[in-house]
>>> print(open('input.txt').read())   # compact mmCIF, N, CA and C atoms
# COMPACT_ATOMS: atom_id res chain seq x y z
N MET A 1 3.20 -34.75 3.57
CA MET A 1 2.91 -33.78 4.60
C MET A 1 1.54 -33.17 4.32
N ALA A 2 0.67 -33.19 5.29
CA ALA A 2 -0.69 -32.69 5.12
C ALA A 2 -0.74 -31.18 5.34
N GLY A 3 -1.79 -30.59 4.83
CA GLY A 3 -1.98 -29.16 5.04
C GLY A 3 -1.26 -28.32 4.01
N ARG A 4 -0.95 -27.12 4.40
CA ARG A 4 -0.28 -26.17 3.51
C ARG A 4 1.04 -25.76 4.15
N PRO A 5 2.08 -26.52 3.92
CA PRO A 5 3.35 -26.27 4.61
C PRO A 5 3.95 -24.90 4.29
N LYS A 6 3.90 -24.46 3.03
CA LYS A 6 4.47 -23.15 2.69
C LYS A 6 3.71 -22.04 3.40
N HIS A 7 2.41 -22.16 3.43
CA HIS A 7 1.57 -21.15 4.10
C HIS A 7 1.93 -21.09 5.59
N LYS A 8 2.11 -22.25 6.20
CA LYS A 8 2.46 -22.29 7.62
C LYS A 8 3.85 -21.69 7.85
N ARG A 9 4.80 -22.01 6.96
CA ARG A 9 6.15 -21.42 7.08
C ARG A 9 6.09 -19.91 6.93
N ASP A 10 5.26 -19.44 5.99
CA ASP A 10 5.13 -18.00 5.78
C ASP A 10 4.56 -17.31 7.01
N LEU A 11 3.57 -17.92 7.64
CA LEU A 11 3.00 -17.34 8.86
C LEU A 11 4.02 -17.28 9.99
N VAL A 12 4.84 -18.33 10.11
CA VAL A 12 5.90 -18.33 11.12
C VAL A 12 6.90 -17.22 10.81
N ALA A 13 7.27 -17.09 9.55
CA ALA A 13 8.23 -16.04 9.15
C ALA A 13 7.67 -14.66 9.47
N LEU A 14 6.39 -14.44 9.17
CA LEU A 14 5.78 -13.13 9.44
C LEU A 14 5.72 -12.85 10.93
N SER A 15 5.43 -13.87 11.72
CA SER A 15 5.32 -13.66 13.18
C SER A 15 6.68 -13.41 13.82
N THR A 16 7.77 -13.82 13.16
CA THR A 16 9.10 -13.57 13.73
C THR A 16 9.69 -12.25 13.25
N MET A 17 9.11 -11.66 12.21
CA MET A 17 9.62 -10.37 11.71
C MET A 17 9.14 -9.24 12.62
N PRO A 18 9.94 -8.19 12.71
CA PRO A 18 9.47 -7.03 13.47
C PRO A 18 8.26 -6.39 12.79
N VAL A 19 7.26 -6.08 13.58
CA VAL A 19 6.04 -5.47 13.05
C VAL A 19 6.36 -4.14 12.38
N LYS A 20 7.35 -3.42 12.92
CA LYS A 20 7.72 -2.13 12.35
C LYS A 20 8.23 -2.27 10.92
N GLN A 21 8.90 -3.36 10.65
CA GLN A 21 9.42 -3.59 9.30
C GLN A 21 8.26 -3.78 8.31
N ILE A 22 7.30 -4.57 8.69
CA ILE A 22 6.15 -4.82 7.82
C ILE A 22 5.31 -3.54 7.69
N THR A 23 5.14 -2.82 8.79
CA THR A 23 4.39 -1.56 8.75
C THR A 23 5.07 -0.56 7.83
N ALA A 24 6.38 -0.47 7.90
CA ALA A 24 7.11 0.45 7.03
C ALA A 24 6.91 0.11 5.56
N MET A 25 6.85 -1.17 5.26
CA MET A 25 6.61 -1.58 3.88
C MET A 25 5.20 -1.21 3.43
N LEU A 26 4.23 -1.38 4.32
CA LEU A 26 2.85 -1.02 3.99
C LEU A 26 2.71 0.49 3.81
N GLU A 27 3.46 1.26 4.61
CA GLU A 27 3.41 2.72 4.52
C GLU A 27 4.15 3.27 3.31
N SER A 28 4.98 2.46 2.68
CA SER A 28 5.79 2.94 1.57
C SER A 28 5.03 2.98 0.24
N ALA A 29 3.74 2.74 0.30
CA ALA A 29 2.87 2.79 -0.89
C ALA A 29 3.20 1.69 -1.90
N LYS A 30 3.77 0.61 -1.41
CA LYS A 30 4.03 -0.53 -2.28
C LYS A 30 2.76 -1.36 -2.38
N SER A 31 2.64 -2.07 -3.48
CA SER A 31 1.49 -2.97 -3.63
C SER A 31 1.71 -4.20 -2.75
N MET A 32 0.63 -4.90 -2.48
CA MET A 32 0.74 -6.13 -1.68
C MET A 32 1.61 -7.15 -2.39
N ALA A 33 1.55 -7.19 -3.71
CA ALA A 33 2.38 -8.13 -4.47
C ALA A 33 3.86 -7.83 -4.27
N GLU A 34 4.23 -6.54 -4.30
CA GLU A 34 5.63 -6.15 -4.08
C GLU A 34 6.09 -6.50 -2.67
N ILE A 35 5.22 -6.26 -1.70
CA ILE A 35 5.56 -6.57 -0.31
C ILE A 35 5.75 -8.08 -0.13
N CYS A 36 4.86 -8.85 -0.72
CA CYS A 36 4.97 -10.31 -0.61
C CYS A 36 6.26 -10.81 -1.25
N MET A 37 6.62 -10.25 -2.40
CA MET A 37 7.86 -10.67 -3.06
C MET A 37 9.07 -10.31 -2.22
N GLU A 38 9.08 -9.11 -1.63
CA GLU A 38 10.22 -8.72 -0.81
C GLU A 38 10.35 -9.58 0.45
N LEU A 39 9.21 -9.90 1.06
CA LEU A 39 9.23 -10.70 2.28
C LEU A 39 9.32 -12.19 1.99
N LYS A 40 9.12 -12.55 0.73
CA LYS A 40 9.13 -13.96 0.30
C LYS A 40 8.05 -14.78 1.02
N VAL A 41 6.85 -14.20 1.07
CA VAL A 41 5.69 -14.89 1.66
C VAL A 41 4.53 -14.81 0.67
N SER A 42 3.56 -15.68 0.87
CA SER A 42 2.39 -15.67 -0.01
C SER A 42 1.42 -14.57 0.40
N ARG A 43 0.60 -14.18 -0.55
CA ARG A 43 -0.40 -13.14 -0.27
C ARG A 43 -1.41 -13.62 0.77
N SER A 44 -1.80 -14.88 0.67
CA SER A 44 -2.78 -15.40 1.63
C SER A 44 -2.20 -15.41 3.04
N ALA A 45 -0.90 -15.66 3.16
CA ALA A 45 -0.27 -15.66 4.49
C ALA A 45 -0.24 -14.26 5.08
N ILE A 46 0.10 -13.26 4.27
CA ILE A 46 0.15 -11.90 4.82
C ILE A 46 -1.25 -11.39 5.13
N GLU A 47 -2.23 -11.79 4.32
CA GLU A 47 -3.61 -11.39 4.61
C GLU A 47 -4.10 -12.05 5.90
N GLU A 48 -3.76 -13.31 6.10
CA GLU A 48 -4.14 -13.98 7.34
C GLU A 48 -3.43 -13.36 8.54
N TRP A 49 -2.16 -13.00 8.37
CA TRP A 49 -1.39 -12.37 9.44
C TRP A 49 -2.01 -11.02 9.80
N LEU A 50 -2.42 -10.24 8.78
CA LEU A 50 -3.04 -8.94 9.03
C LEU A 50 -4.41 -9.07 9.67
N ALA A 51 -5.07 -10.20 9.48
CA ALA A 51 -6.41 -10.42 10.04
C ALA A 51 -6.39 -10.83 11.51
N LYS A 52 -5.21 -11.12 12.04
CA LYS A 52 -5.12 -11.52 13.45
C LYS A 52 -5.52 -10.35 14.35
N PRO A 53 -6.10 -10.65 15.50
CA PRO A 53 -6.56 -9.58 16.41
C PRO A 53 -5.45 -8.61 16.83
N GLU A 54 -4.23 -9.13 17.01
CA GLU A 54 -3.15 -8.23 17.45
C GLU A 54 -2.70 -7.27 16.34
N GLN A 55 -3.09 -7.55 15.10
CA GLN A 55 -2.73 -6.66 13.98
C GLN A 55 -3.94 -5.81 13.54
N GLU A 56 -5.00 -5.81 14.34
CA GLU A 56 -6.23 -5.12 13.97
C GLU A 56 -5.97 -3.65 13.66
N GLY A 57 -6.37 -3.21 12.51
CA GLY A 57 -6.24 -1.82 12.11
C GLY A 57 -4.87 -1.44 11.59
N LEU A 58 -3.92 -2.37 11.61
CA LEU A 58 -2.56 -2.07 11.17
C LEU A 58 -2.53 -1.64 9.71
N LEU A 59 -3.19 -2.39 8.86
CA LEU A 59 -3.19 -2.07 7.44
C LEU A 59 -3.86 -0.72 7.18
N ALA A 60 -4.99 -0.48 7.81
CA ALA A 60 -5.71 0.78 7.60
C ALA A 60 -4.88 1.98 8.06
N ARG A 61 -4.23 1.86 9.20
CA ARG A 61 -3.39 2.97 9.69
C ARG A 61 -2.19 3.19 8.78
N ALA A 62 -1.57 2.10 8.35
CA ALA A 62 -0.40 2.22 7.48
C ALA A 62 -0.79 2.82 6.14
N ARG A 63 -1.91 2.38 5.58
CA ARG A 63 -2.35 2.92 4.29
C ARG A 63 -2.78 4.38 4.42
N ALA A 64 -3.33 4.78 5.55
CA ALA A 64 -3.70 6.18 5.75
C ALA A 64 -2.44 7.06 5.77
N ARG A 65 -1.40 6.57 6.44
CA ARG A 65 -0.14 7.34 6.44
C ARG A 65 0.48 7.36 5.05
N ALA A 66 0.36 6.26 4.33
CA ALA A 66 0.87 6.21 2.96
C ALA A 66 0.11 7.18 2.06
N ALA A 67 -1.18 7.30 2.29
CA ALA A 67 -1.99 8.23 1.50
C ALA A 67 -1.52 9.67 1.72
N ASP A 68 -1.15 10.00 2.95
CA ASP A 68 -0.61 11.34 3.22
C ASP A 68 0.67 11.58 2.42
N ASP A 69 1.53 10.56 2.36
CA ASP A 69 2.77 10.69 1.58
C ASP A 69 2.47 10.82 0.09
N ILE A 70 1.49 10.07 -0.37
CA ILE A 70 1.12 10.13 -1.78
C ILE A 70 0.60 11.52 -2.15
N VAL A 71 -0.21 12.10 -1.28
CA VAL A 71 -0.73 13.44 -1.54
C VAL A 71 0.41 14.46 -1.58
N SER A 72 1.37 14.32 -0.68
CA SER A 72 2.54 15.20 -0.72
C SER A 72 3.30 15.04 -2.03
N ALA A 73 3.39 13.80 -2.50
CA ALA A 73 4.07 13.54 -3.77
C ALA A 73 3.33 14.20 -4.94
N THR A 74 2.00 14.20 -4.90
CA THR A 74 1.25 14.83 -6.00
C THR A 74 1.53 16.33 -6.05
N ILE A 75 1.66 16.94 -4.91
CA ILE A 75 1.97 18.38 -4.88
C ILE A 75 3.36 18.63 -5.45
N ALA A 76 4.31 17.80 -5.07
CA ALA A 76 5.67 17.95 -5.60
C ALA A 76 5.69 17.73 -7.11
N ILE A 77 4.95 16.74 -7.59
CA ILE A 77 4.90 16.49 -9.03
C ILE A 77 4.29 17.67 -9.76
N ALA A 78 3.19 18.18 -9.23
CA ALA A 78 2.52 19.30 -9.88
C ALA A 78 3.40 20.53 -9.93
N ASP A 79 4.18 20.76 -8.89
CA ASP A 79 5.04 21.95 -8.84
C ASP A 79 6.31 21.82 -9.66
N SER A 80 6.79 20.61 -9.87
CA SER A 80 8.11 20.46 -10.48
C SER A 80 8.10 20.09 -11.96
N GLU A 81 7.01 19.55 -12.46
CA GLU A 81 7.00 19.08 -13.84
C GLU A 81 6.83 20.24 -14.83
N PRO A 82 7.53 20.16 -15.96
CA PRO A 82 7.38 21.21 -16.97
C PRO A 82 6.02 21.13 -17.67
N VAL A 83 5.62 22.24 -18.22
CA VAL A 83 4.31 22.33 -18.88
C VAL A 83 4.23 21.41 -20.09
N GLU A 84 5.35 21.18 -20.75
CA GLU A 84 5.36 20.34 -21.95
C GLU A 84 4.88 18.92 -21.66
N GLU A 85 5.06 18.46 -20.44
CA GLU A 85 4.67 17.11 -20.07
C GLU A 85 3.39 17.12 -19.22
N SER A 86 2.49 18.03 -19.54
CA SER A 86 1.31 18.20 -18.69
C SER A 86 0.39 16.98 -18.68
N GLN A 87 0.24 16.28 -19.81
CA GLN A 87 -0.62 15.10 -19.83
C GLN A 87 -0.05 13.99 -18.95
N LYS A 88 1.25 13.77 -19.06
CA LYS A 88 1.90 12.74 -18.24
C LYS A 88 1.81 13.12 -16.76
N THR A 89 2.04 14.38 -16.47
CA THR A 89 1.97 14.87 -15.10
C THR A 89 0.56 14.70 -14.55
N ARG A 90 -0.41 15.06 -15.35
CA ARG A 90 -1.80 14.94 -14.92
C ARG A 90 -2.16 13.48 -14.60
N LEU A 91 -1.73 12.56 -15.45
CA LEU A 91 -2.00 11.15 -15.22
C LEU A 91 -1.32 10.66 -13.93
N ARG A 92 -0.10 11.09 -13.70
CA ARG A 92 0.61 10.69 -12.48
C ARG A 92 -0.12 11.19 -11.24
N ILE A 93 -0.58 12.43 -11.30
CA ILE A 93 -1.28 13.03 -10.17
C ILE A 93 -2.62 12.33 -9.95
N GLN A 94 -3.38 12.11 -11.02
CA GLN A 94 -4.68 11.47 -10.89
C GLN A 94 -4.57 10.05 -10.34
N THR A 95 -3.54 9.33 -10.74
CA THR A 95 -3.33 7.98 -10.23
C THR A 95 -3.07 8.02 -8.73
N ARG A 96 -2.25 8.94 -8.30
CA ARG A 96 -1.95 9.05 -6.87
C ARG A 96 -3.17 9.53 -6.09
N GLN A 97 -3.95 10.42 -6.67
CA GLN A 97 -5.18 10.85 -6.00
C GLN A 97 -6.14 9.68 -5.83
N TRP A 98 -6.26 8.86 -6.85
CA TRP A 98 -7.14 7.69 -6.78
C TRP A 98 -6.72 6.77 -5.64
N VAL A 99 -5.42 6.51 -5.56
CA VAL A 99 -4.91 5.63 -4.49
C VAL A 99 -5.16 6.27 -3.13
N ALA A 100 -4.89 7.55 -2.99
CA ALA A 100 -5.09 8.23 -1.71
C ALA A 100 -6.57 8.19 -1.31
N GLU A 101 -7.48 8.35 -2.26
CA GLU A 101 -8.91 8.28 -1.96
C GLU A 101 -9.30 6.91 -1.44
N ARG A 102 -8.70 5.86 -1.98
CA ARG A 102 -9.04 4.50 -1.54
C ARG A 102 -8.40 4.17 -0.20
N TRP A 103 -7.20 4.65 0.03
CA TRP A 103 -6.48 4.28 1.24
C TRP A 103 -6.86 5.12 2.44
N ASN A 104 -7.35 6.33 2.23
CA ASN A 104 -7.76 7.18 3.35
C ASN A 104 -8.98 7.98 2.91
N ALA A 105 -10.07 7.28 2.76
CA ALA A 105 -11.30 7.90 2.25
C ALA A 105 -11.81 9.06 3.10
N PRO A 106 -11.80 8.97 4.44
CA PRO A 106 -12.31 10.11 5.21
C PRO A 106 -11.56 11.41 4.94
N ALA A 107 -10.30 11.31 4.64
CA ALA A 107 -9.51 12.52 4.42
C ALA A 107 -9.47 12.98 2.97
N TYR A 108 -9.46 12.04 2.03
CA TYR A 108 -9.19 12.42 0.64
C TYR A 108 -10.28 12.09 -0.37
N ALA A 109 -11.29 11.33 0.00
CA ALA A 109 -12.33 10.99 -0.97
C ALA A 109 -13.22 12.20 -1.23
N GLN A 110 -13.64 12.31 -2.46
CA GLN A 110 -14.54 13.40 -2.81
C GLN A 110 -15.93 13.06 -2.31
N ASN A 111 -16.60 14.05 -1.80
CA ASN A 111 -17.96 13.85 -1.30
C ASN A 111 -18.89 13.73 -2.49
N LYS A 112 -19.43 12.54 -2.68
CA LYS A 112 -20.32 12.31 -3.82
C LYS A 112 -21.75 12.12 -3.34
N GLY A 113 -22.09 12.79 -2.26
CA GLY A 113 -23.45 12.70 -1.75
C GLY A 113 -24.43 13.39 -2.69
N GLN A 114 -25.67 13.07 -2.53
CA GLN A 114 -26.68 13.67 -3.39
C GLN A 114 -26.99 15.08 -2.92
N ASN A 115 -27.14 15.95 -3.89
CA ASN A 115 -27.55 17.32 -3.59
C ASN A 115 -29.06 17.39 -3.68
N VAL A 116 -29.67 17.93 -2.66
CA VAL A 116 -31.12 18.05 -2.63
C VAL A 116 -31.46 19.52 -2.44
N SER A 117 -32.32 20.02 -3.31
CA SER A 117 -32.78 21.39 -3.13
C SER A 117 -34.30 21.36 -3.13
N ILE A 118 -34.86 22.08 -2.21
CA ILE A 118 -36.31 22.12 -2.07
C ILE A 118 -36.77 23.55 -2.26
N SER A 119 -37.74 23.71 -3.11
CA SER A 119 -38.32 25.01 -3.34
C SER A 119 -39.67 25.06 -2.64
N ILE A 120 -39.77 25.88 -1.61
CA ILE A 120 -41.02 25.99 -0.87
C ILE A 120 -42.13 26.52 -1.77
N ALA A 121 -41.81 27.51 -2.59
CA ALA A 121 -42.81 28.07 -3.50
C ALA A 121 -43.30 26.99 -4.47
N GLY A 122 -42.37 26.17 -4.96
CA GLY A 122 -42.76 25.09 -5.87
C GLY A 122 -43.64 24.06 -5.18
N LEU A 123 -43.33 23.73 -3.94
CA LEU A 123 -44.15 22.79 -3.19
C LEU A 123 -45.55 23.35 -2.97
N ARG A 124 -45.63 24.64 -2.67
CA ARG A 124 -46.94 25.28 -2.45
C ARG A 124 -47.76 25.25 -3.72
N LEU A 125 -47.13 25.58 -4.85
CA LEU A 125 -47.85 25.56 -6.12
C LEU A 125 -48.32 24.16 -6.47
N ASP A 126 -47.48 23.16 -6.23
CA ASP A 126 -47.88 21.77 -6.49
C ASP A 126 -49.08 21.38 -5.62
N ALA A 127 -49.05 21.80 -4.35
CA ALA A 127 -50.16 21.49 -3.46
C ALA A 127 -51.44 22.16 -3.92
N LEU A 128 -51.33 23.40 -4.38
CA LEU A 128 -52.51 24.10 -4.87
C LEU A 128 -53.06 23.46 -6.14
N ARG A 129 -52.19 22.95 -6.98
CA ARG A 129 -52.65 22.28 -8.19
C ARG A 129 -53.42 21.01 -7.86
N HIS A 130 -53.07 20.36 -6.78
CA HIS A 130 -53.71 19.10 -6.43
C HIS A 130 -54.96 19.26 -5.57
N VAL A 131 -55.16 20.43 -5.07
CA VAL A 131 -56.33 20.66 -4.24
C VAL A 131 -57.53 20.90 -5.15
N GLU A 132 -58.58 20.22 -4.87
CA GLU A 132 -59.80 20.41 -5.64
C GLU A 132 -60.70 21.33 -4.84
N ILE A 133 -60.99 22.45 -5.43
CA ILE A 133 -61.82 23.43 -4.73
C ILE A 133 -63.26 23.24 -5.20
N VAL A 134 -64.08 23.00 -4.27
CA VAL A 134 -65.50 22.83 -4.58
C VAL A 134 -66.24 24.04 -4.04
N GLU A 135 -66.82 24.74 -4.92
CA GLU A 135 -67.61 25.90 -4.50
C GLU A 135 -69.08 25.58 -4.71
N GLN A 136 -69.84 25.90 -3.76
CA GLN A 136 -71.28 25.72 -3.90
C GLN A 136 -71.83 26.93 -4.65
N PRO A 137 -72.73 26.68 -5.57
CA PRO A 137 -73.31 27.83 -6.29
C PRO A 137 -74.11 28.70 -5.33
N ARG A 138 -73.92 29.96 -5.46
CA ARG A 138 -74.66 30.89 -4.60
C ARG A 138 -75.76 31.55 -5.43
N GLN A 139 -76.89 31.58 -4.85
CA GLN A 139 -78.00 32.25 -5.52
C GLN A 139 -78.21 33.60 -4.89
N ILE A 140 -78.67 34.46 -5.70
CA ILE A 140 -78.92 35.81 -5.21
C ILE A 140 -80.11 35.78 -4.24
N GLY A 141 -79.87 36.35 -3.10
CA GLY A 141 -80.93 36.48 -2.11
C GLY A 141 -81.08 35.29 -1.21
N GLY A 142 -80.52 34.15 -1.50
CA GLY A 142 -80.70 32.98 -0.63
C GLY A 142 -79.39 32.59 0.01
N THR A 143 -79.46 32.14 1.23
CA THR A 143 -78.25 31.72 1.92
C THR A 143 -78.22 30.24 2.19
N ASN A 144 -79.32 29.55 1.87
CA ASN A 144 -79.37 28.15 2.20
C ASN A 144 -79.16 27.27 0.96
N GLY A 145 -78.45 27.77 0.02
CA GLY A 145 -78.11 26.96 -1.13
C GLY A 145 -79.24 26.81 -2.13
N GLY A 146 -80.21 27.72 -2.16
CA GLY A 146 -81.25 27.70 -3.16
C GLY A 146 -82.50 26.96 -2.74
N THR A 147 -82.55 26.48 -1.53
CA THR A 147 -83.76 25.80 -1.06
C THR A 147 -84.37 26.64 0.05
N ASP A 148 -85.35 27.46 -0.30
CA ASP A 148 -85.97 28.31 0.71
C ASP A 148 -87.32 27.81 1.14
N GLY A 149 -87.70 26.64 0.67
CA GLY A 149 -88.94 26.04 1.13
C GLY A 149 -90.17 26.52 0.36
N ASP A 150 -90.03 27.36 -0.67
CA ASP A 150 -91.16 27.87 -1.41
C ASP A 150 -91.54 26.97 -2.57
N GLY A 151 -91.05 25.88 -2.65
CA GLY A 151 -91.49 24.90 -3.59
C GLY A 151 -91.04 25.01 -4.92
>>> encode(input="input.txt", output="structure tokens")
Amino acid sequence: MAGRPKHKRDLVALSTMPVKQITAMLESAKSMAEICMELKVSRSAIEEWLAKPEQEGLLARARARAADDIVSATIAIADSEPVEESQKTRLRIQTRQWVAERWNAPAYAQNKGQNVSISIAGLRLDALRHVEIVEQPRQIGGTNGGTDGDG
């Protein structure tokens, strides 16, 4: 048999499953490997299925909703864990924050833009340092730069 028969069977299986079922799995914050194992399909098949035009944006929307759930979980973890386990709690929260930042960057990513501050006084001083002032020598009594025609 030519081609990739398992891949083709997986695509057929995915197309016959309810989209809500797959979306719910994506929203449950499971990894793609876990989802593939539960659905018994290959990763390449689910990626190809998600790339179809009718599924456009499905993964992004599902992961954004999952990120909201993850953030809620971090708050619950922070509020419920005892102080004695603070390192473990901190690691659990940081891991969930990292995932939420990746899955819904507009809502949860930290703004790492560059900070720019401009000092007008500093710019003026720099400009004055670079300006070369040329003064003509002035002679007493003469206004024409020392050449009065008297030889």
>>> closest_atom_pairs(input="input.txt", of="stretch 80-130 of chain A", to="stretch 48-70 of chain A", cutoff="8 Å", atoms="only N, CA and C atoms", output="CSV")
residue,atom,partner,partner_atom,distance
A:Arg96,C,A:Ile70,C,5.8
A:Gln97,N,A:Ile70,C,6.5
A:Val99,C,A:Ala67,CA,5.9
A:Ala100,CA,A:Ala67,CA,4.5
A:Glu101,N,A:Ala67,CA,6.7
A:Arg102,C,A:Arg63,C,7.3
A:Trp103,C,A:Arg63,C,4.6
A:Asn104,CA,A:Ala64,CA,4.8
A:Ala105,N,A:Ala64,CA,7.1
>>> residues_around(input="input.txt", residues="A:Ala45", least_positions_apart="4", cutoff="10 Å", atoms="only C-alpha atoms", output="list in words")
Lys6, His7, Lys8, Arg9, Asp10, Leu11, Val12, Ala13, Leu14, Cys36, Val41, Trp49, Leu50 and Ala51 of chain A
>>> select_by_dssp(input="input.txt", residues="stretch 39-138 of chain A", states="alpha helix (DSSP H)", output="MDAnalysis selection string")
chainID A and resid 39 43:50 58:80 86:103 105:108 120:130
>>> atom_distance(input="input.txt", atom1="atom CA of A:Pro18", atom2="atom CA of A:Ser31")
19.3 Å
>>> atom_distance(input="input.txt", atom1="atom N of A:Tyr108", atom2="atom CA of A:Val71")
9.5 Å
>>> atom_distance(input="input.txt", atom1="atom CA of A:Glu27", atom2="atom CA of A:Ser72")
13.6 Å
>>> closest_residue(input="input.txt", among="A:Glu47, A:Glu81, A:Gln94, A:Ile22", to="A:Ile35", atoms="only C-alpha atoms")
A:Ile22
